[in-house]
Amino acid sequence: HGPGVPYPGVANTFPRISGDGRKAVFVSNRDYAGTNTDGNFDIFLLDINNKQISQITKTSGSFGEWTDMYSPRINHDGTKIVFSSVNDYTGNNPDGNPEIFLYDAVTQTFTQITNTQGRIDIVSGGNKNPEINGDGTIIVFDSDRDITGQNPNFATQSFLFDTQTNQFTQISPQTAGRFSGSLTSISKDGTKIAYRNNTDWSISLYSTRTAATENILSFTPGFAATPIITPDGNHII
């Protein structure tokens, strides 16, 4: 492993497979493609059919091992990968803030989705935990930034970004506390989004068709439920 790796011996982690079962994305500090000689944690894409691995991100510096290891997600056909990073892949993140990035595996290009200000530690804040729908047009994520003007107290909220309209929507309601919604999950067609209400630990379901929110489950306060919605949107586990 490279210098400063926080978990010696850890090689491959955070795997996700595409809906069609042909591609997988994961984080590793190994040099599978001959381009990770510094041993930092980076994002890799595996073509399952031909067993080929390509390196998606390339971090550098003594703390590079931390910067892209959070929540890479892949869409149904494996052409779009979304992740959170403090790196500057597009020239729009010079402050090193934890931002949401979208990688197009066909054009091999990065798009920076969020652009928030102020240096924020990726572990305790910023934009993170992204998920993407089947065709790669809708991204949901958690953030404690005031992206839409509805989060002035910088509580952790659930947000939606539409790549076709370039518009953000705050899904979880404004709250007086530091936490509202997080751990957001989206159905394959992007019409249903589940998230955890951090005020009372209940689970809510948001419809992108009606912009309506329904409380689905309630838990004893302090129970850290993590909702995962099935691809068809009919079940939450």
# chains A, B, ... in the order shown; residues from 1 in each chain; ligands from 1
>>> residues_around(residues="Thr210 in chain A", least_positions_apart="3", cutoff="12 Å", atoms="only C-alpha atoms", output="VMD selection string")
chain A and resid 191 to 193 205 to 207 213 to 214
>>> residues_around(residues="Tyr103 in chain A", least_positions_apart="5", cutoff="12 Å", atoms="only C-alpha atoms", output="list in words")
Val25, Ile43, Phe44, Leu45, Gln55, Ile56, Thr57, Pro72, Arg73, Ile74, Asn75, Gly78, Thr79, Lys80, Ile81, Val82, Phe83, Ser84, Ser85, Tyr89, Thr90, Gln108, Thr109, Phe110, Thr111, Gln112, Ile113, Ile132 and Gly136 of chain A
>>> write_last_selection(atoms="N, CA, C and O atoms", output="tab-separated table (two decimals), in the first residue's frame")
chain	number	residue	atom	x	y	z
A	25	VAL	N	-18.02	-1.32	-10.19
A	25	VAL	CA	-17.15	-0.23	-9.76
A	25	VAL	C	-16.73	-0.50	-8.33
A	25	VAL	O	-17.50	-1.05	-7.53
A	43	ILE	N	-10.84	4.92	-7.70
A	43	ILE	CA	-12.00	4.22	-8.20
A	43	ILE	C	-11.62	3.47	-9.48
A	43	ILE	O	-10.99	4.03	-10.38
A	44	PHE	N	-12.03	2.20	-9.54
A	44	PHE	CA	-11.75	1.36	-10.69
A	44	PHE	C	-13.05	0.82	-11.28
A	44	PHE	O	-14.04	0.63	-10.56
A	45	LEU	N	-13.01	0.55	-12.59
A	45	LEU	CA	-14.16	-0.02	-13.28
A	45	LEU	C	-13.77	-1.37	-13.86
A	45	LEU	O	-12.79	-1.48	-14.60
A	55	GLN	N	-8.71	2.25	-14.46
A	55	GLN	CA	-8.71	3.17	-13.34
A	55	GLN	C	-9.45	4.45	-13.73
A	55	GLN	O	-9.13	5.09	-14.74
A	56	ILE	N	-10.45	4.82	-12.93
A	56	ILE	CA	-11.29	5.98	-13.24
A	56	ILE	C	-10.68	7.26	-12.68
A	56	ILE	O	-10.54	8.25	-13.38
A	57	THR	N	-10.34	7.27	-11.39
A	57	THR	CA	-9.78	8.46	-10.77
A	57	THR	C	-8.28	8.28	-10.56
A	57	THR	O	-7.77	7.16	-10.52
A	72	PRO	N	-18.74	5.33	-4.47
A	72	PRO	CA	-18.96	5.31	-5.91
A	72	PRO	C	-20.17	4.46	-6.24
A	72	PRO	O	-20.37	3.38	-5.68
A	73	ARG	N	-21.00	4.93	-7.17
A	73	ARG	CA	-22.20	4.21	-7.59
A	73	ARG	C	-22.25	4.17	-9.11
A	73	ARG	O	-21.77	5.09	-9.78
A	74	ILE	N	-22.86	3.15	-9.65
A	74	ILE	CA	-22.88	2.93	-11.09
A	74	ILE	C	-24.31	2.74	-11.58
A	74	ILE	O	-25.14	2.17	-10.88
A	75	ASN	N	-24.60	3.24	-12.79
A	75	ASN	CA	-25.96	3.12	-13.30
A	75	ASN	C	-26.19	1.75	-13.95
A	75	ASN	O	-25.31	0.89	-13.93
A	78	GLY	N	-23.77	0.63	-16.78
A	78	GLY	CA	-22.36	0.81	-16.46
A	78	GLY	C	-21.67	1.95	-17.17
A	78	GLY	O	-20.44	2.02	-17.18
A	79	THR	N	-22.44	2.87	-17.76
A	79	THR	CA	-21.83	3.97	-18.50
A	79	THR	C	-21.64	5.23	-17.65
A	79	THR	O	-20.89	6.12	-18.05
A	80	LYS	N	-22.30	5.30	-16.49
A	80	LYS	CA	-22.21	6.49	-15.64
A	80	LYS	C	-21.83	6.08	-14.21
A	80	LYS	O	-22.39	5.13	-13.65
A	81	ILE	N	-20.88	6.78	-13.65
A	81	ILE	CA	-20.43	6.54	-12.28
A	81	ILE	C	-20.47	7.85	-11.52
A	81	ILE	O	-19.93	8.86	-11.98
A	82	VAL	N	-21.10	7.83	-10.36
A	82	VAL	CA	-21.19	9.03	-9.53
A	82	VAL	C	-20.45	8.78	-8.23
A	82	VAL	O	-20.46	7.66	-7.70
A	83	PHE	N	-19.77	9.80	-7.72
A	83	PHE	CA	-18.99	9.64	-6.50
A	83	PHE	C	-18.73	11.00	-5.87
A	83	PHE	O	-18.94	12.05	-6.49
A	84	SER	N	-18.26	10.97	-4.63
A	84	SER	CA	-17.89	12.19	-3.91
A	84	SER	C	-16.38	12.27	-3.82
A	84	SER	O	-15.70	11.27	-3.58
A	85	SER	N	-15.85	13.48	-4.00
A	85	SER	CA	-14.39	13.63	-3.99
A	85	SER	C	-14.00	15.06	-3.62
A	85	SER	O	-14.75	16.01	-3.88
A	89	TYR	N	-11.26	17.51	-10.58
A	89	TYR	CA	-11.21	16.81	-11.86
A	89	TYR	C	-11.63	17.68	-13.05
A	89	TYR	O	-11.35	17.33	-14.19
A	90	THR	N	-12.29	18.80	-12.78
A	90	THR	CA	-12.80	19.63	-13.86
A	90	THR	C	-12.24	21.05	-13.85
A	90	THR	O	-12.59	21.85	-14.73
A	108	GLN	N	-15.30	9.17	-21.27
A	108	GLN	CA	-14.19	9.25	-20.31
A	108	GLN	C	-13.99	10.69	-19.82
A	108	GLN	O	-12.87	11.18	-19.75
A	109	THR	N	-15.11	11.33	-19.49
A	109	THR	CA	-15.07	12.71	-19.02
A	109	THR	C	-15.76	12.83	-17.66
A	109	THR	O	-16.66	12.06	-17.34
A	110	PHE	N	-15.33	13.84	-16.89
A	110	PHE	CA	-15.91	14.13	-15.59
A	110	PHE	C	-16.78	15.37	-15.67
A	110	PHE	O	-16.46	16.33	-16.38
A	111	THR	N	-17.88	15.35	-14.91
A	111	THR	CA	-18.72	16.53	-14.72
A	111	THR	C	-18.85	16.78	-13.23
A	111	THR	O	-19.19	15.86	-12.48
A	112	GLN	N	-18.56	17.99	-12.79
A	112	GLN	CA	-18.74	18.33	-11.38
A	112	GLN	C	-20.18	18.76	-11.18
A	112	GLN	O	-20.64	19.74	-11.76
A	113	ILE	N	-20.91	18.03	-10.34
A	113	ILE	CA	-22.33	18.29	-10.14
A	113	ILE	C	-22.57	19.41	-9.14
A	113	ILE	O	-23.33	20.34	-9.39
A	132	ILE	N	-27.46	6.93	-8.08
A	132	ILE	CA	-27.84	7.30	-9.44
A	132	ILE	C	-28.91	6.34	-9.95
A	132	ILE	O	-28.91	5.15	-9.62
A	136	GLY	N	-29.03	7.08	-15.60
A	136	GLY	CA	-28.01	8.06	-15.26
A	136	GLY	C	-28.45	9.50	-15.35
A	136	GLY	O	-27.60	10.40	-15.40
>>> select_by_dssp(residues="range 24-221 of chain A", states="strand (DSSP E or B)", output="NGL selection string")
:A and (24-28 or 42-47 or 52-55 or 70-74 or 80-85 or 99-104 or 109-112 or 127-132 or 138-143 or 156-162 or 167-170 or 179 or 181-186 or 192-197 or 203-207 or 213-217)
>>> atom_distance(atom1="CA of Ser204 in chain A", atom2="CA of Ile139 in chain A")
17.4 Å
>>> residues_around(residues="Asn133 in chain A", least_positions_apart="2", cutoff="8 Å", atoms="only C-alpha atoms", output="short mmCIF file (atom, residue, chain, number, x, y, z; two decimals) with N, CA and C atoms, in the first residue's frame")
data_model
loop_
_atom_site.label_atom_id
_atom_site.label_comp_id
_atom_site.auth_asym_id
_atom_site.auth_seq_id
_atom_site.Cartn_x
_atom_site.Cartn_y
_atom_site.Cartn_z
N ASN A 75 -24.60 3.24 -12.79
CA ASN A 75 -25.96 3.12 -13.30
C ASN A 75 -26.19 1.75 -13.95
N HIS A 76 -27.37 1.56 -14.54
CA HIS A 76 -27.79 0.23 -14.98
C HIS A 76 -26.86 -0.39 -16.02
N GLU A 131 -26.26 8.51 -5.08
CA GLU A 131 -26.87 7.36 -5.76
C GLU A 131 -27.33 7.85 -7.13
N ASP A 135 -30.86 5.11 -15.88
CA ASP A 135 -30.34 5.69 -17.12
C ASP A 135 -29.34 6.83 -16.86
N GLY A 136 -29.03 7.08 -15.60
CA GLY A 136 -28.01 8.06 -15.26
C GLY A 136 -28.45 9.50 -15.35
N THR A 137 -29.75 9.77 -15.36
CA THR A 137 -30.24 11.14 -15.51
C THR A 137 -30.56 11.81 -14.18
N ILE A 138 -30.71 11.03 -13.11
CA ILE A 138 -31.05 11.61 -11.80
C ILE A 138 -30.05 11.12 -10.76
N ILE A 139 -29.52 12.06 -10.02
CA ILE A 139 -28.57 11.77 -8.95
C ILE A 139 -29.14 12.29 -7.64
N ILE A 186 -32.50 5.55 -4.55
CA ILE A 186 -33.39 5.87 -5.67
C ILE A 186 -33.73 4.62 -6.47
N SER A 187 -34.95 4.58 -7.00
CA SER A 187 -35.38 3.46 -7.84
C SER A 187 -34.74 3.56 -9.22
N LYS A 188 -34.81 2.47 -9.97
CA LYS A 188 -34.17 2.42 -11.29
C LYS A 188 -34.71 3.50 -12.23
N ASP A 189 -36.03 3.71 -12.24
CA ASP A 189 -36.60 4.70 -13.16
C ASP A 189 -36.53 6.12 -12.60
N GLY A 190 -36.05 6.28 -11.36
CA GLY A 190 -35.86 7.59 -10.78
C GLY A 190 -37.11 8.26 -10.27
#
>>> residues_around(residues="Ser54 in chain A", least_positions_apart="6", cutoff="12 Å", atoms="only C-alpha atoms", output="JSON, numbers by chain")
{"A": [23, 24, 25, 26, 27, 28, 30, 31, 32, 33, 34, 35, 36, 42, 43, 44, 45, 46, 47, 48, 105, 108]}
>>> closest_residue(among="A:Asn87, A:Ser218, A:Ser60, A:Ser143", to="Asp200 in chain A", atoms="only C-alpha atoms")
A:Ser218
>>> residues_around(residues="range 154-159 of chain A", least_positions_apart="3", cutoff="12 Å", atoms="only C-alpha atoms", output="number ranges by chain")
A: 100, 113-114, 116, 124-132, 138-151, 162, 167-186, 193-199, 204-206, 208
>>> decode(residues="range 70-81 of chain A", atoms="all heavy atoms", output="CSV table (one decimal), in the first residue's frame")
chain,number,residue,atom,x,y,z
A,70,TYR,N,-15.3,7.3,-1.0
A,70,TYR,CA,-16.6,7.4,-0.5
A,70,TYR,C,-17.7,7.2,-1.6
A,70,TYR,O,-17.8,8.0,-2.5
A,70,TYR,CB,-16.8,8.7,0.2
A,70,TYR,CG,-16.1,8.8,1.5
A,70,TYR,CD1,-14.9,9.4,1.6
A,70,TYR,CD2,-16.6,8.2,2.6
A,70,TYR,CE1,-14.2,9.4,2.8
A,70,TYR,CE2,-16.0,8.3,3.8
A,70,TYR,CZ,-14.7,8.9,3.9
A,70,TYR,OH,-14.1,8.9,5.1
A,71,SER,N,-18.3,6.1,-1.5
A,71,SER,CA,-19.6,5.8,-2.2
A,71,SER,C,-19.6,6.0,-3.7
A,71,SER,O,-20.5,6.6,-4.3
A,71,SER,CB,-20.7,6.8,-1.6
A,71,SER,OG,-20.8,6.7,-0.2
A,72,PRO,N,-18.7,5.3,-4.5
A,72,PRO,CA,-19.0,5.3,-5.9
A,72,PRO,C,-20.2,4.5,-6.2
A,72,PRO,O,-20.4,3.4,-5.7
A,72,PRO,CB,-17.7,4.7,-6.5
A,72,PRO,CG,-17.2,3.8,-5.3
A,72,PRO,CD,-17.5,4.6,-4.1
A,73,ARG,N,-21.0,4.9,-7.2
A,73,ARG,CA,-22.2,4.2,-7.6
A,73,ARG,C,-22.2,4.2,-9.1
A,73,ARG,O,-21.8,5.1,-9.8
A,73,ARG,CB,-23.5,4.9,-7.0
A,73,ARG,CG,-23.5,4.9,-5.5
A,73,ARG,CD,-23.7,3.5,-4.9
A,73,ARG,NE,-23.9,3.5,-3.5
A,73,ARG,CZ,-23.0,3.2,-2.6
A,73,ARG,NH1,-21.7,3.0,-3.0
A,73,ARG,NH2,-23.2,3.2,-1.3
A,74,ILE,N,-22.9,3.1,-9.7
A,74,ILE,CA,-22.9,2.9,-11.1
A,74,ILE,C,-24.3,2.7,-11.6
A,74,ILE,O,-25.1,2.2,-10.9
A,74,ILE,CB,-22.0,1.7,-11.4
A,74,ILE,CG1,-21.8,1.6,-12.9
A,74,ILE,CG2,-22.6,0.4,-10.9
A,74,ILE,CD1,-20.7,0.6,-13.3
A,75,ASN,N,-24.6,3.2,-12.8
A,75,ASN,CA,-26.0,3.1,-13.3
A,75,ASN,C,-26.2,1.8,-14.0
A,75,ASN,O,-25.3,0.9,-13.9
A,75,ASN,CB,-26.3,4.3,-14.3
A,75,ASN,CG,-25.6,4.1,-15.6
A,75,ASN,OD1,-24.5,3.6,-15.7
A,75,ASN,ND2,-26.3,4.5,-16.7
A,76,HIS,N,-27.4,1.6,-14.5
A,76,HIS,CA,-27.8,0.2,-15.0
A,76,HIS,C,-26.9,-0.4,-16.0
A,76,HIS,O,-26.5,-1.6,-15.9
A,76,HIS,CB,-29.2,0.3,-15.5
A,76,HIS,CG,-29.7,-1.0,-16.0
A,76,HIS,ND1,-30.2,-2.0,-15.1
A,76,HIS,CD2,-29.8,-1.6,-17.2
A,76,HIS,CE1,-30.6,-3.1,-15.8
A,76,HIS,NE2,-30.4,-2.8,-17.1
A,77,ASP,N,-26.5,0.4,-17.0
A,77,ASP,CA,-25.6,-0.2,-18.1
A,77,ASP,C,-24.1,0.1,-17.9
A,77,ASP,O,-23.3,-0.3,-18.8
A,77,ASP,CB,-26.1,0.3,-19.5
A,77,ASP,CG,-25.9,1.8,-19.7
A,77,ASP,OD1,-25.4,2.5,-18.8
A,77,ASP,OD2,-26.2,2.3,-20.8
A,78,GLY,N,-23.8,0.6,-16.8
A,78,GLY,CA,-22.4,0.8,-16.5
A,78,GLY,C,-21.7,2.0,-17.2
A,78,GLY,O,-20.4,2.0,-17.2
A,79,THR,N,-22.4,2.9,-17.8
A,79,THR,CA,-21.8,4.0,-18.5
A,79,THR,C,-21.6,5.2,-17.6
A,79,THR,O,-20.9,6.1,-18.0
A,79,THR,CB,-22.7,4.4,-19.7
A,79,THR,OG1,-24.0,4.7,-19.3
A,79,THR,CG2,-22.8,3.2,-20.7
A,80,LYS,N,-22.3,5.3,-16.5
A,80,LYS,CA,-22.2,6.5,-15.6
A,80,LYS,C,-21.8,6.1,-14.2
A,80,LYS,O,-22.4,5.1,-13.7
A,80,LYS,CB,-23.5,7.2,-15.6
A,80,LYS,CG,-24.0,7.7,-17.0
A,80,LYS,CD,-23.2,8.8,-17.6
A,80,LYS,CE,-23.6,9.2,-19.0
A,80,LYS,NZ,-25.0,9.7,-19.0
A,81,ILE,N,-20.9,6.8,-13.6
A,81,ILE,CA,-20.4,6.5,-12.3
A,81,ILE,C,-20.5,7.8,-11.5
A,81,ILE,O,-19.9,8.9,-12.0
A,81,ILE,CB,-19.0,6.0,-12.3
A,81,ILE,CG1,-19.0,4.6,-13.0
A,81,ILE,CG2,-18.5,5.8,-10.8
A,81,ILE,CD1,-17.6,4.1,-13.3
